[in-house]
$ cat final_39.txt   # compact mmCIF, C-alpha atoms
# COMPACT_ATOMS: atom_id res chain seq x y z
CA MET A 22 -168.09 -21.02 -3.79
CA LYS A 23 -165.18 -19.56 -5.69
CA TRP A 24 -163.53 -18.20 -2.58
CA ILE A 25 -163.66 -21.64 -0.97
CA SER A 26 -161.62 -23.22 -3.75
CA ALA A 27 -159.27 -20.22 -3.73
CA LEU A 28 -158.82 -20.61 0.02
CA SER A 29 -158.20 -24.34 -0.17
CA ALA A 30 -155.70 -23.79 -2.99
CA LEU A 31 -153.92 -21.25 -0.81
CA LEU A 32 -153.90 -23.64 2.15
CA ILE A 33 -152.46 -26.43 0.02
CA VAL A 34 -149.72 -24.14 -1.29
CA ALA A 35 -148.93 -22.95 2.26
CA ALA A 36 -148.78 -26.52 3.61
CA GLY A 37 -146.60 -27.54 0.65
CA GLY A 38 -144.31 -24.59 1.31
CA ALA A 39 -144.01 -25.53 4.98
CA VAL A 40 -143.13 -29.13 4.12
CA ALA A 41 -140.64 -27.96 1.47
CA PHE A 42 -139.03 -25.64 4.03
CA ILE A 43 -138.67 -28.45 6.58
CA TYR A 44 -137.13 -30.87 4.08
CA SER A 45 -134.86 -28.29 2.44
CA GLY A 46 -132.74 -28.06 5.61
CA LEU A 47 -132.65 -24.27 5.18
CA TYR A 48 -133.62 -23.62 8.80
CA ASP A 49 -130.48 -23.03 10.87
CA ILE A 50 -130.92 -25.16 13.98
CA SER A 51 -127.54 -24.15 15.51
CA ALA A 52 -127.37 -22.62 18.97
CA THR A 53 -124.93 -20.03 17.60
CA ASP A 54 -127.59 -18.66 15.28
CA GLN A 55 -129.93 -16.34 17.16
CA HIS A 56 -133.67 -16.21 16.58
CA LEU A 57 -135.05 -13.43 14.43
CA ARG A 58 -136.38 -10.68 16.67
CA PRO A 59 -140.06 -11.33 15.83
CA THR A 60 -139.59 -15.07 16.35
CA TYR A 61 -137.89 -14.48 19.69
CA TYR A 62 -140.62 -12.22 20.99
CA ALA A 63 -143.39 -14.47 19.69
CA ILE A 64 -141.86 -17.45 21.52
CA LYS A 65 -141.21 -15.37 24.64
CA LYS A 66 -144.79 -14.08 24.75
CA THR A 67 -146.13 -17.59 24.19
CA MET A 68 -144.03 -18.83 27.10
CA GLU A 69 -145.01 -15.96 29.43
CA ARG A 70 -148.72 -16.31 28.72
CA SER A 71 -148.54 -20.06 29.11
CA VAL A 72 -146.89 -19.69 32.50
CA GLU A 73 -149.27 -16.95 33.69
CA ARG A 74 -152.29 -19.02 32.75
CA ARG A 75 -151.05 -22.16 34.47
CA ALA A 76 -149.78 -20.39 37.58
CA LYS A 77 -153.03 -18.53 38.15
CA ASP A 78 -154.54 -20.96 40.64
CA ILE A 79 -151.43 -21.96 42.57
CA GLU A 80 -151.73 -21.26 46.28
CA VAL A 81 -148.62 -19.57 47.61
CA PRO A 82 -147.51 -20.57 51.13
CA PRO A 83 -145.82 -18.07 53.46
CA LEU A 84 -142.38 -17.27 52.04
CA GLY A 85 -139.23 -15.79 53.52
CA ALA A 86 -138.60 -17.53 56.86
CA PRO A 87 -134.84 -17.59 57.53
CA ALA A 88 -134.62 -21.41 57.49
CA GLN A 89 -136.48 -21.51 54.20
CA LEU A 90 -134.20 -18.89 52.62
CA GLU A 91 -131.14 -20.76 53.79
CA ARG A 92 -132.43 -23.94 52.20
CA GLY A 93 -133.31 -21.99 49.07
CA LEU A 94 -129.77 -20.64 48.91
CA SER A 95 -128.28 -24.15 49.18
CA LEU A 96 -130.47 -25.46 46.41
CA PHE A 97 -129.83 -22.35 44.32
CA ARG A 98 -126.07 -22.82 44.63
CA GLU A 99 -126.30 -26.51 43.86
CA HIS A 100 -128.70 -26.40 40.92
CA CYS A 101 -129.37 -22.88 39.55
CA VAL A 102 -126.14 -20.84 39.49
CA GLN A 103 -124.56 -23.16 36.91
CA CYS A 104 -126.88 -21.85 34.18
CA HIS A 105 -128.34 -18.62 35.54
CA GLY A 106 -125.34 -17.15 37.37
CA ALA A 107 -125.86 -15.04 40.51
CA PRO A 108 -125.13 -11.43 41.48
CA GLY A 109 -121.50 -10.95 40.39
CA VAL A 110 -121.13 -14.64 39.48
CA PRO A 111 -121.18 -15.81 35.85
CA PRO A 112 -122.87 -18.98 34.63
CA GLU A 113 -120.63 -21.97 33.86
CA PRO A 114 -119.03 -21.80 30.40
CA PHE A 115 -121.27 -24.55 28.98
CA ALA A 116 -124.35 -22.54 29.90
CA LEU A 117 -123.10 -19.56 27.94
CA GLY A 118 -123.45 -21.73 24.85
CA LEU A 119 -127.18 -22.21 25.37
CA THR A 120 -129.79 -20.65 23.11
CA PRO A 121 -131.94 -19.15 24.50
CA LEU A 122 -129.54 -17.80 27.14
CA PRO A 123 -130.87 -18.49 30.65
CA THR A 124 -132.30 -15.36 32.28
CA PRO A 125 -130.35 -13.89 35.21
CA LEU A 126 -132.67 -14.70 38.10
CA ALA A 127 -132.47 -11.28 39.73
CA ARG A 128 -134.58 -10.20 36.73
CA SER A 129 -137.06 -13.05 37.18
CA GLY A 130 -137.25 -12.36 40.92
CA LEU A 131 -138.42 -8.84 40.12
CA ASP A 132 -140.73 -9.62 37.22
CA ARG A 133 -142.37 -12.93 38.05
CA THR A 134 -144.82 -13.73 40.82
CA PRO A 135 -143.98 -16.50 43.32
CA ALA A 136 -146.66 -18.69 41.73
CA GLU A 137 -145.13 -18.23 38.26
CA LEU A 138 -141.63 -18.94 39.52
CA PHE A 139 -142.92 -22.03 41.29
CA TRP A 140 -144.64 -23.28 38.16
CA VAL A 141 -141.52 -22.79 36.01
CA VAL A 142 -139.19 -24.43 38.52
CA LYS A 143 -141.56 -27.35 38.97
CA HIS A 144 -142.45 -28.01 35.33
CA GLY A 145 -139.51 -26.59 33.38
CA ILE A 146 -139.81 -25.06 29.92
CA LYS A 147 -139.90 -27.06 26.71
CA MET A 148 -137.21 -26.37 24.10
CA THR A 149 -135.06 -24.35 26.48
CA GLY A 150 -132.44 -25.72 28.84
CA MET A 151 -134.83 -25.29 31.78
CA PRO A 152 -135.49 -28.69 33.33
CA ALA A 153 -138.48 -29.69 35.43
CA TRP A 154 -137.53 -30.13 39.09
CA GLU A 155 -140.76 -31.81 40.13
CA PHE A 156 -139.14 -35.24 40.34
CA ARG A 157 -135.94 -33.88 41.90
CA PHE A 158 -137.26 -31.60 44.66
CA ALA A 159 -139.94 -31.98 47.28
CA GLU A 160 -142.73 -29.41 47.19
CA GLU A 161 -141.28 -27.43 50.10
CA ASP A 162 -137.89 -27.32 48.39
CA LEU A 163 -139.47 -25.89 45.25
CA TRP A 164 -140.94 -23.14 47.42
CA ALA A 165 -137.60 -22.60 49.15
CA VAL A 166 -136.00 -21.88 45.76
CA VAL A 167 -138.83 -19.51 44.89
CA ALA A 168 -138.45 -17.71 48.23
CA PHE A 169 -134.74 -17.26 47.61
CA VAL A 170 -135.16 -16.08 44.01
CA LYS A 171 -137.66 -13.46 45.20
CA GLN A 172 -134.94 -12.16 47.57
CA LEU A 173 -132.22 -12.23 44.90
CA PRO A 174 -132.91 -8.77 43.40
CA LEU A 175 -132.40 -7.27 46.87
CA LEU A 176 -128.93 -8.77 47.23
CA SER A 177 -125.98 -6.69 46.03
CA PRO A 178 -123.14 -8.68 44.46
CA ARG A 179 -121.23 -7.94 47.61
CA ALA A 180 -124.00 -9.12 49.92
CA TYR A 181 -124.35 -12.28 47.82
CA SER A 182 -120.62 -12.95 48.08
CA GLU A 183 -120.84 -12.60 51.86
CA LEU A 184 -123.58 -15.19 52.30
CA PRO A 185 -122.35 -18.22 54.24
CA ALA A 186 -120.36 -20.35 51.82
CA GLN A 187 -120.90 -23.68 53.52
CA LEU A 188 -124.39 -24.81 54.28
CA ALA A 189 -125.57 -28.29 54.95
CA ARG A 190 -125.86 -30.12 51.63
CA PRO A 191 -129.51 -30.15 50.71
CA GLU A 192 -131.10 -33.51 51.03
CA ALA A 193 -134.23 -34.25 49.11
CA VAL A 194 -137.19 -35.14 51.28
CA LEU A 195 -139.70 -36.91 49.11
CA PRO A 196 -143.08 -37.92 50.42
CA SER A 197 -144.54 -41.33 49.64
CA GLY A 198 -148.11 -42.46 49.02
CA GLU A 199 -150.22 -44.92 47.05
CA PRO A 200 -148.72 -45.64 43.61
CA ASP A 201 -150.09 -43.19 41.06
CA ALA A 202 -149.91 -44.45 37.46
CA ARG A 203 -150.62 -41.03 35.95
CA ARG A 204 -147.69 -39.51 37.80
CA GLY A 205 -145.62 -42.55 36.86
CA LYS A 206 -146.15 -41.80 33.18
CA ASP A 207 -144.63 -38.35 33.71
CA ALA A 208 -141.85 -39.85 35.84
CA LEU A 209 -140.86 -42.18 32.98
CA ARG A 210 -140.30 -39.11 30.86
CA GLN A 211 -138.62 -37.19 33.65
CA TYR A 212 -136.09 -39.92 34.44
CA GLY A 213 -135.16 -40.11 30.77
CA CYS A 214 -136.53 -43.64 30.26
CA ILE A 215 -137.75 -42.62 26.81
CA GLY A 216 -134.13 -41.88 25.90
CA CYS A 217 -133.45 -45.62 25.61
CA HIS A 218 -136.84 -47.36 25.47
CA GLU A 219 -139.78 -47.08 23.15
CA ILE A 220 -142.84 -46.42 25.33
CA PRO A 221 -146.26 -46.44 23.67
CA GLY A 222 -147.62 -42.93 23.30
CA GLU A 223 -144.34 -41.15 24.11
CA VAL A 224 -142.30 -39.09 21.67
CA GLY A 225 -138.55 -39.22 22.21
CA PRO A 226 -135.13 -39.63 20.65
CA GLU A 227 -135.95 -43.21 19.52
CA ALA A 228 -132.40 -44.20 20.41
CA ARG A 229 -133.39 -47.85 21.07
CA LEU A 230 -130.64 -48.71 23.52
CA GLY A 231 -132.93 -51.11 25.29
CA PRO A 232 -136.02 -53.11 24.33
CA THR A 233 -139.43 -51.61 23.73
CA LEU A 234 -141.68 -51.35 26.78
CA LYS A 235 -144.73 -52.09 24.65
CA GLY A 236 -146.39 -55.03 26.36
CA VAL A 237 -143.96 -55.01 29.28
CA ALA A 238 -146.81 -55.75 31.69
CA SER A 239 -147.35 -59.15 30.13
CA ARG A 240 -143.67 -60.06 29.99
CA THR A 241 -142.58 -62.82 32.36
CA VAL A 242 -139.00 -61.74 33.04
CA LEU A 243 -137.58 -58.27 33.69
CA GLY A 244 -134.14 -57.30 32.42
CA GLY A 245 -133.59 -60.96 31.57
CA VAL A 246 -133.11 -61.79 35.24
CA LEU A 247 -136.10 -61.01 37.50
CA PRO A 248 -139.59 -62.50 37.57
CA ASN A 249 -141.97 -59.72 36.57
CA SER A 250 -143.94 -58.44 39.54
CA PHE A 251 -144.79 -55.01 40.89
CA ASP A 252 -142.18 -55.23 43.66
CA ASN A 253 -139.48 -56.57 41.36
CA MET A 254 -140.18 -53.81 38.86
CA VAL A 255 -139.67 -51.26 41.64
CA LEU A 256 -136.39 -52.94 42.62
CA TRP A 257 -135.23 -53.13 39.01
CA LEU A 258 -136.09 -49.49 38.25
CA ARG A 259 -134.19 -48.33 41.32
CA ALA A 260 -131.10 -50.53 40.98
CA PRO A 261 -130.80 -52.51 37.74
CA GLN A 262 -127.09 -52.99 38.27
CA ALA A 263 -127.71 -54.80 41.53
CA PHE A 264 -129.18 -57.60 39.41
CA THR A 265 -127.10 -57.30 36.25
CA PRO A 266 -123.77 -55.83 37.33
CA HIS A 267 -122.76 -54.28 34.02
CA SER A 268 -126.19 -53.53 32.67
CA ALA A 269 -126.33 -50.61 30.26
CA MET A 270 -129.36 -49.53 32.28
CA PRO A 271 -127.96 -47.05 34.77
CA MET A 272 -128.85 -46.36 38.39
CA LEU A 273 -130.90 -43.20 37.89
CA GLY A 274 -131.42 -42.32 41.52
CA VAL A 275 -135.11 -43.16 41.24
CA THR A 276 -136.86 -42.61 44.56
CA GLU A 277 -139.07 -45.30 46.05
CA ARG A 278 -142.18 -43.22 45.40
CA ASP A 279 -141.30 -42.46 41.79
CA ALA A 280 -140.37 -46.10 41.12
CA ARG A 281 -143.72 -47.26 42.53
CA ASP A 282 -145.59 -44.74 40.38
CA MET A 283 -143.63 -45.83 37.29
CA ALA A 284 -144.27 -49.50 38.04
CA ALA A 285 -147.98 -48.73 38.38
CA TYR A 286 -147.98 -47.14 34.93
CA LEU A 287 -145.86 -49.87 33.34
CA ALA A 288 -148.32 -52.42 34.69
CA THR A 289 -150.93 -50.90 32.36
CA LEU A 290 -148.84 -51.60 29.23
CA LYS A 291 -150.26 -55.03 28.42
CA MET B 13 -139.57 -36.13 -15.87
CA ARG B 14 -136.51 -35.45 -13.82
CA LEU B 15 -138.53 -35.90 -10.66
CA ALA B 16 -139.81 -39.23 -11.88
CA ILE B 17 -136.25 -40.41 -12.54
CA LEU B 18 -135.19 -39.22 -9.12
CA ALA B 19 -138.09 -41.04 -7.50
CA LEU B 20 -137.17 -44.21 -9.37
CA LEU B 21 -133.56 -43.91 -8.28
CA LEU B 22 -134.66 -43.45 -4.67
CA LEU B 23 -136.90 -46.48 -4.87
CA ALA B 24 -134.07 -48.50 -6.38
CA GLY B 25 -131.86 -47.37 -3.49
CA CYS B 26 -134.42 -48.60 -0.99
CA GLY B 27 -134.72 -51.95 -2.69
CA GLU B 28 -131.02 -52.59 -2.58
CA LYS B 29 -130.33 -55.29 -0.01
CA ALA B 30 -127.36 -55.36 2.30
CA PRO B 31 -125.56 -58.73 2.25
CA PRO B 32 -126.76 -60.98 5.11
CA ALA B 33 -125.01 -60.51 8.46
CA LEU B 34 -122.06 -62.87 9.06
CA GLY B 35 -122.69 -64.27 5.57
CA GLY B 36 -125.41 -66.51 7.01
CA ASP B 37 -128.59 -67.71 5.34
CA PRO B 38 -131.52 -65.66 6.65
CA GLU B 39 -134.16 -68.05 5.32
CA ASN B 40 -132.56 -70.96 7.09
CA GLY B 41 -132.11 -68.76 10.15
CA LYS B 42 -135.85 -68.14 10.26
CA LEU B 43 -136.42 -71.89 10.19
CA LEU B 44 -133.85 -72.46 12.93
CA LEU B 45 -135.41 -69.81 15.19
CA ARG B 46 -138.56 -71.88 14.99
CA GLN B 47 -136.73 -75.16 15.48
CA PHE B 48 -134.96 -73.91 18.60
CA ALA B 49 -138.31 -72.62 19.93
CA CYS B 50 -136.99 -69.07 20.39
CA GLY B 51 -140.60 -68.03 19.86
CA SER B 52 -141.75 -69.58 23.11
CA CYS B 53 -140.00 -66.71 24.91
CA HIS B 54 -139.76 -64.01 22.22
CA GLU B 55 -142.12 -62.41 19.78
CA ILE B 56 -140.34 -62.68 16.40
CA PRO B 57 -141.87 -61.08 13.30
CA GLY B 58 -142.04 -63.55 10.41
CA VAL B 59 -141.56 -66.63 12.57
CA ALA B 60 -144.74 -68.68 12.89
CA ALA B 61 -146.20 -68.90 16.41
CA ALA B 62 -143.36 -66.84 17.89
CA ARG B 63 -145.54 -65.09 20.46
CA GLY B 64 -143.58 -65.63 23.68
CA ARG B 65 -143.71 -63.00 26.39
CA VAL B 66 -140.84 -64.10 28.59
CA GLY B 67 -138.15 -61.94 27.04
CA PRO B 68 -138.43 -58.77 24.98
CA PRO B 69 -139.94 -58.82 21.48
CA LEU B 70 -137.32 -59.08 18.75
CA GLU B 71 -139.07 -56.67 16.41
CA GLY B 72 -136.45 -54.11 15.39
CA VAL B 73 -133.68 -56.01 17.16
CA ALA B 74 -131.27 -55.15 14.32
CA THR B 75 -131.51 -51.46 15.24
CA ARG B 76 -131.09 -51.90 18.99
CA VAL B 77 -127.87 -50.51 20.49
CA TYR B 78 -127.36 -53.17 23.19
CA LEU B 79 -128.14 -56.85 23.46
CA ALA B 80 -129.56 -58.12 26.74
CA GLY B 81 -128.53 -54.77 28.21
CA VAL B 82 -124.88 -55.81 28.37
CA LEU B 83 -123.37 -56.29 24.90
CA PRO B 84 -122.93 -53.80 22.06
CA ASN B 85 -125.20 -55.06 19.29
CA THR B 86 -122.91 -56.47 16.59
CA PRO B 87 -123.54 -59.64 14.54
CA GLU B 88 -120.60 -61.31 16.30
CA ASN B 89 -121.90 -60.45 19.77
CA MET B 90 -125.39 -61.58 18.85
CA ALA B 91 -124.09 -64.93 17.66
CA SER B 92 -122.04 -65.44 20.80
CA PHE B 93 -124.96 -64.39 23.01
CA ILE B 94 -127.27 -66.86 21.29
CA ARG B 95 -124.72 -69.62 21.77
CA ALA B 96 -123.67 -68.84 25.36
CA PRO B 97 -125.97 -66.26 26.99
CA HIS B 98 -124.52 -66.83 30.47
CA LYS B 99 -121.10 -65.73 29.35
CA ALA B 100 -122.40 -62.19 28.93
CA ASP B 101 -124.91 -62.20 31.79
CA PRO B 102 -124.46 -65.01 34.35
CA LYS B 103 -127.97 -64.59 35.75
CA THR B 104 -129.89 -64.29 32.51
CA ALA B 105 -133.10 -66.28 32.10
CA MET B 106 -132.10 -67.08 28.52
CA PRO B 107 -130.98 -70.71 28.38
CA ASP B 108 -128.04 -72.18 26.51
CA MET B 109 -129.81 -74.06 23.71
CA GLY B 110 -126.71 -75.74 22.33
CA VAL B 111 -126.78 -73.73 19.11
CA THR B 112 -123.84 -74.45 16.81
CA ALA B 113 -121.74 -71.66 15.33
CA ALA B 114 -123.18 -72.31 11.85
CA HIS B 115 -126.76 -72.23 13.14
CA ALA B 116 -126.12 -69.06 15.13
CA ARG B 117 -124.76 -67.42 11.98
CA ASP B 118 -127.98 -68.11 10.09
CA MET B 119 -130.16 -66.95 12.98
CA VAL B 120 -128.21 -63.72 13.17
CA ALA B 121 -128.57 -63.27 9.41
CA TYR B 122 -132.35 -63.41 9.87
CA LEU B 123 -132.51 -61.33 13.06
CA TYR B 124 -130.49 -58.61 11.35
CA THR B 125 -133.25 -58.23 8.77
CA LEU B 126 -135.58 -57.12 11.60
CA LYS B 127 -135.05 -53.38 11.38
$ encode --input "final_39.txt" --output "structure tokens"
Amino acid sequence: MKWISALSALLIVAAGGAVAFIYSGLYDISATDQHLRPTYYAIKKTMERSVERRAKDIEVPPLGAPAQLERGLSLFREHCVQCHGAPGVPPEPFALGLTPLPTPLARSGLDRTPAELFWVVKHGIKMTGMPAWEFRFAEEDLWAVVAFVKQLPLLSPRAYSELPAQLARPEAVLPSGEPDARRGKDALRQYGCIGCHEIPGEVGPEARLGPTLKGVASRTVLGGVLPNSFDNMVLWLRAPQAFTPHSAMPMLGVTERDARDMAAYLATLK
Amino acid sequence: MRLAILALLLLAGCGEKAPPALGGDPENGKLLLRQFACGSCHEIPGVAAARGRVGPPLEGVATRVYLAGVLPNTPENMASFIRAPHKADPKTAMPDMGVTAAHARDMVAYLYTLK
């Protein structure tokens, strides 16, 4: 029995120490301070294992058709180079200030499987600068990026520089279907709604720019101007400023499908 | 001992009340919010029967950044929005209730206690 009390005493001291450390402010949260080597590798391993586990069952479509690579290149130029750089091309200055520093993708193209790359591009990585592209790209565009990144290690800086500079601007093709409340919950996070609104069950910056969405389903009026209905919620989510010209709620470029999914979820918040 | 004193000081700090917004009377404001039936559209903590679900709940309204999505949340803006909502948002569902400046001041004094 003695060891049980000794163990619980130890646990209490450890928990107390952890709380004291948090409140002391001793931890340096700055991006200019690098992680300790063991911390860095522990986090890196955690991330790699997490990705491997989740990517295990993803089915990889055929990759590498010229049209797909061309599309991948367009998307890569528009959305990836800024942080990751490219062969012979540096990241934008702001990205050099990120901690952790984004990995040059020629490395990832060599080391990671297509399924792993796909998973990371689609879902992003918490507590890094890597965003989730699920709500920005269609499935086939995610694969186009993966296909291009797999080719990247084979491109010399010179070959990269000689790739056609002007390609058609990529246009997102997003499929539509029946509204899916579960997906809508994710979409609310992915469109940054939790940046301004309290949403039950979500953890966010608690910035409270707009009203809480607790009970929004049973509210009669939306944004002070529209009768609350599924269709009006979709309209409001997509273009609030069409109804209130100088609303602080911005036009977020919400697609029809995503807005319908969000509205389906919001309708459950009674 | 020192810790106890520190804790007491902290508690005292918490208890310290900021002067009411716009120098209004929060108690009277609470009464007025009821009298003007604000509660038929808004949920307002502390105001009897204020359970309306037309507009957003006013819980925590003092800490919100914007009012009605269009005005920076200051006591002055809140008072002017209460008095003439359509000036800030022509299409708003919130009606002009004919609130006087003095009444608006008291309402704001109460609403600003809702942190």
$ interface_residues --input "final_39.txt" --of "chain A" --to "chain B" --cutoff "12 Å" --atoms "only C-alpha atoms" --output "PDB file with C-alpha atoms, in the frame of the given file"
ATOM      1  CA  GLY A 216    -134.130 -41.880  25.900  1.00  0.00           C
ATOM      2  CA  CYS A 217    -133.450 -45.620  25.610  1.00  0.00           C
ATOM      3  CA  HIS A 218    -136.840 -47.360  25.470  1.00  0.00           C
ATOM      4  CA  GLU A 219    -139.780 -47.080  23.150  1.00  0.00           C
ATOM      5  CA  GLU A 227    -135.950 -43.210  19.520  1.00  0.00           C
ATOM      6  CA  ALA A 228    -132.400 -44.200  20.410  1.00  0.00           C
ATOM      7  CA  ARG A 229    -133.390 -47.850  21.070  1.00  0.00           C
ATOM      8  CA  LEU A 230    -130.640 -48.710  23.520  1.00  0.00           C
ATOM      9  CA  GLY A 231    -132.930 -51.110  25.290  1.00  0.00           C
ATOM     10  CA  PRO A 232    -136.020 -53.110  24.330  1.00  0.00           C
ATOM     11  CA  THR A 233    -139.430 -51.610  23.730  1.00  0.00           C
ATOM     12  CA  LEU A 234    -141.680 -51.350  26.780  1.00  0.00           C
ATOM     13  CA  LYS A 235    -144.730 -52.090  24.650  1.00  0.00           C
ATOM     14  CA  GLY A 236    -146.390 -55.030  26.360  1.00  0.00           C
ATOM     15  CA  VAL A 237    -143.960 -55.010  29.280  1.00  0.00           C
ATOM     16  CA  ALA A 238    -146.810 -55.750  31.690  1.00  0.00           C
ATOM     17  CA  SER A 239    -147.350 -59.150  30.130  1.00  0.00           C
ATOM     18  CA  ARG A 240    -143.670 -60.060  29.990  1.00  0.00           C
ATOM     19  CA  THR A 241    -142.580 -62.820  32.360  1.00  0.00           C
ATOM     20  CA  VAL A 242    -139.000 -61.740  33.040  1.00  0.00           C
ATOM     21  CA  LEU A 243    -137.580 -58.270  33.690  1.00  0.00           C
ATOM     22  CA  GLY A 244    -134.140 -57.300  32.420  1.00  0.00           C
ATOM     23  CA  GLY A 245    -133.590 -60.960  31.570  1.00  0.00           C
ATOM     24  CA  VAL A 246    -133.110 -61.790  35.240  1.00  0.00           C
ATOM     25  CA  LEU A 247    -136.100 -61.010  37.500  1.00  0.00           C
ATOM     26  CA  PRO A 248    -139.590 -62.500  37.570  1.00  0.00           C
ATOM     27  CA  ASN A 249    -141.970 -59.720  36.570  1.00  0.00           C
ATOM     28  CA  PRO A 261    -130.800 -52.510  37.740  1.00  0.00           C
ATOM     29  CA  GLN A 262    -127.090 -52.990  38.270  1.00  0.00           C
ATOM     30  CA  ALA A 263    -127.710 -54.800  41.530  1.00  0.00           C
ATOM     31  CA  PHE A 264    -129.180 -57.600  39.410  1.00  0.00           C
ATOM     32  CA  THR A 265    -127.100 -57.300  36.250  1.00  0.00           C
ATOM     33  CA  PRO A 266    -123.770 -55.830  37.330  1.00  0.00           C
ATOM     34  CA  HIS A 267    -122.760 -54.280  34.020  1.00  0.00           C
ATOM     35  CA  SER A 268    -126.190 -53.530  32.670  1.00  0.00           C
ATOM     36  CA  ALA A 269    -126.330 -50.610  30.260  1.00  0.00           C
ATOM     37  CA  MET A 270    -129.360 -49.530  32.280  1.00  0.00           C
ATOM     38  CA  PRO A 271    -127.960 -47.050  34.770  1.00  0.00           C
ATOM     39  CA  LYS A 291    -150.260 -55.030  28.420  1.00  0.00           C
TER      40      LYS A 291
END
$ atom_distance --input "final_39.txt" --atom1 "atom CA of B:Pro87" --atom2 "atom CA of B:Tyr122"
10.7 Å
$ atom_distance --input "final_39.txt" --atom1 "atom CA of B:Glu55" --atom2 "atom CA of B:Leu126"
11.7 Å
$ atom_distance --input "final_39.txt" --atom1 "atom CA of B:Thr112" --atom2 "atom CA of B:Leu44"
10.9 Å
$ residues_around --input "final_39.txt" --residues "A:Ser51" --least-positions-apart "6" --cutoff "12 Å" --atoms "only C-alpha atoms" --output "mmCIF file with C-alpha atoms, keeping the file's coordinate frame"
data_model
loop_
_atom_site.group_PDB
_atom_site.id
_atom_site.type_symbol
_atom_site.label_atom_id
_atom_site.label_comp_id
_atom_site.auth_asym_id
_atom_site.auth_seq_id
_atom_site.Cartn_x
_atom_site.Cartn_y
_atom_site.Cartn_z
ATOM 1 C CA GLY A 118 -123.450 -21.730 24.850
ATOM 2 C CA LEU A 119 -127.180 -22.210 25.370
ATOM 3 C CA THR A 120 -129.790 -20.650 23.110
ATOM 4 C CA PRO A 121 -131.940 -19.150 24.500
#
$ residues_around --input "final_39.txt" --residues "A:Ile50" --least-positions-apart "5" --cutoff "12 Å" --atoms "all atoms listed in the file" --output "VMD selection string"
chain A and resid 43 55 to 56 120 148
$ write_last_selection --input "final_39.txt" --atoms "C-alpha atoms" --output "mmCIF file, in the frame of the given file"
data_model
loop_
_atom_site.group_PDB
_atom_site.id
_atom_site.type_symbol
_atom_site.label_atom_id
_atom_site.label_comp_id
_atom_site.auth_asym_id
_atom_site.auth_seq_id
_atom_site.Cartn_x
_atom_site.Cartn_y
_atom_site.Cartn_z
ATOM 1 C CA ILE A 43 -138.670 -28.450 6.580
ATOM 2 C CA GLN A 55 -129.930 -16.340 17.160
ATOM 3 C CA HIS A 56 -133.670 -16.210 16.580
ATOM 4 C CA THR A 120 -129.790 -20.650 23.110
ATOM 5 C CA MET A 148 -137.210 -26.370 24.100
#
$ residues_around --input "final_39.txt" --residues "B:Gly41" --least-positions-apart "3" --cutoff "9 Å" --atoms "only C-alpha atoms" --output "VMD selection string"
chain B and resid 36 to 38 44 to 46 115 to 123
$ write_last_selection --input "final_39.txt" --atoms "C-alpha atoms" --output "PDB file, in the frame of the given file"
ATOM      1  CA  GLY B  36    -125.410 -66.510   7.010  1.00  0.00           C
ATOM      2  CA  ASP B  37    -128.590 -67.710   5.340  1.00  0.00           C
ATOM      3  CA  PRO B  38    -131.520 -65.660   6.650  1.00  0.00           C
ATOM      4  CA  LEU B  44    -133.850 -72.460  12.930  1.00  0.00           C
ATOM      5  CA  LEU B  45    -135.410 -69.810  15.190  1.00  0.00           C
ATOM      6  CA  ARG B  46    -138.560 -71.880  14.990  1.00  0.00           C
ATOM      7  CA  HIS B 115    -126.760 -72.230  13.140  1.00  0.00           C
ATOM      8  CA  ALA B 116    -126.120 -69.060  15.130  1.00  0.00           C
ATOM      9  CA  ARG B 117    -124.760 -67.420  11.980  1.00  0.00           C
ATOM     10  CA  ASP B 118    -127.980 -68.110  10.090  1.00  0.00           C
ATOM     11  CA  MET B 119    -130.160 -66.950  12.980  1.00  0.00           C
ATOM     12  CA  VAL B 120    -128.210 -63.720  13.170  1.00  0.00           C
ATOM     13  CA  ALA B 121    -128.570 -63.270   9.410  1.00  0.00           C
ATOM     14  CA  TYR B 122    -132.350 -63.410   9.870  1.00  0.00           C
ATOM     15  CA  LEU B 123    -132.510 -61.330  13.060  1.00  0.00           C
TER      16      LEU B 123
END
$ axis_aligned_box --input "final_39.txt" --around "stretch 47-58 of chain B" --padding-each-side "8 Å" --output "JSON"
{"center_x": -138.5, "center_y": -68.1, "center_z": 17.7, "size_x": 23.2, "size_y": 30.1, "size_z": 30.5}
$ residues_around --input "final_39.txt" --residues "stretch 87-93 of chain A" --least-positions-apart "3" --cutoff "9 Å" --atoms "all atoms listed in the file" --output "PyMOL selection string"
chain A and resi 84+96-98+161-170+172+188-189+191
$ residues_around --input "final_39.txt" --residues "A:Pro123" --least-positions-apart "3" --cutoff "10 Å" --atoms "all atoms listed in the file" --output "number ranges by chain"
A: 104-106, 112, 116-120, 126, 149-151
$ write_last_selection --input "final_39.txt" --atoms "C-alpha atoms" --output "short mmCIF file (atom, residue, chain, number, x, y, z; two decimals), in the coordinates of the input"
data_model
loop_
_atom_site.label_atom_id
_atom_site.label_comp_id
_atom_site.auth_asym_id
_atom_site.auth_seq_id
_atom_site.Cartn_x
_atom_site.Cartn_y
_atom_site.Cartn_z
CA CYS A 104 -126.88 -21.85 34.18
CA HIS A 105 -128.34 -18.62 35.54
CA GLY A 106 -125.34 -17.15 37.37
CA PRO A 112 -122.87 -18.98 34.63
CA ALA A 116 -124.35 -22.54 29.90
CA LEU A 117 -123.10 -19.56 27.94
CA GLY A 118 -123.45 -21.73 24.85
CA LEU A 119 -127.18 -22.21 25.37
CA THR A 120 -129.79 -20.65 23.11
CA LEU A 126 -132.67 -14.70 38.10
CA THR A 149 -135.06 -24.35 26.48
CA GLY A 150 -132.44 -25.72 28.84
CA MET A 151 -134.83 -25.29 31.78
#
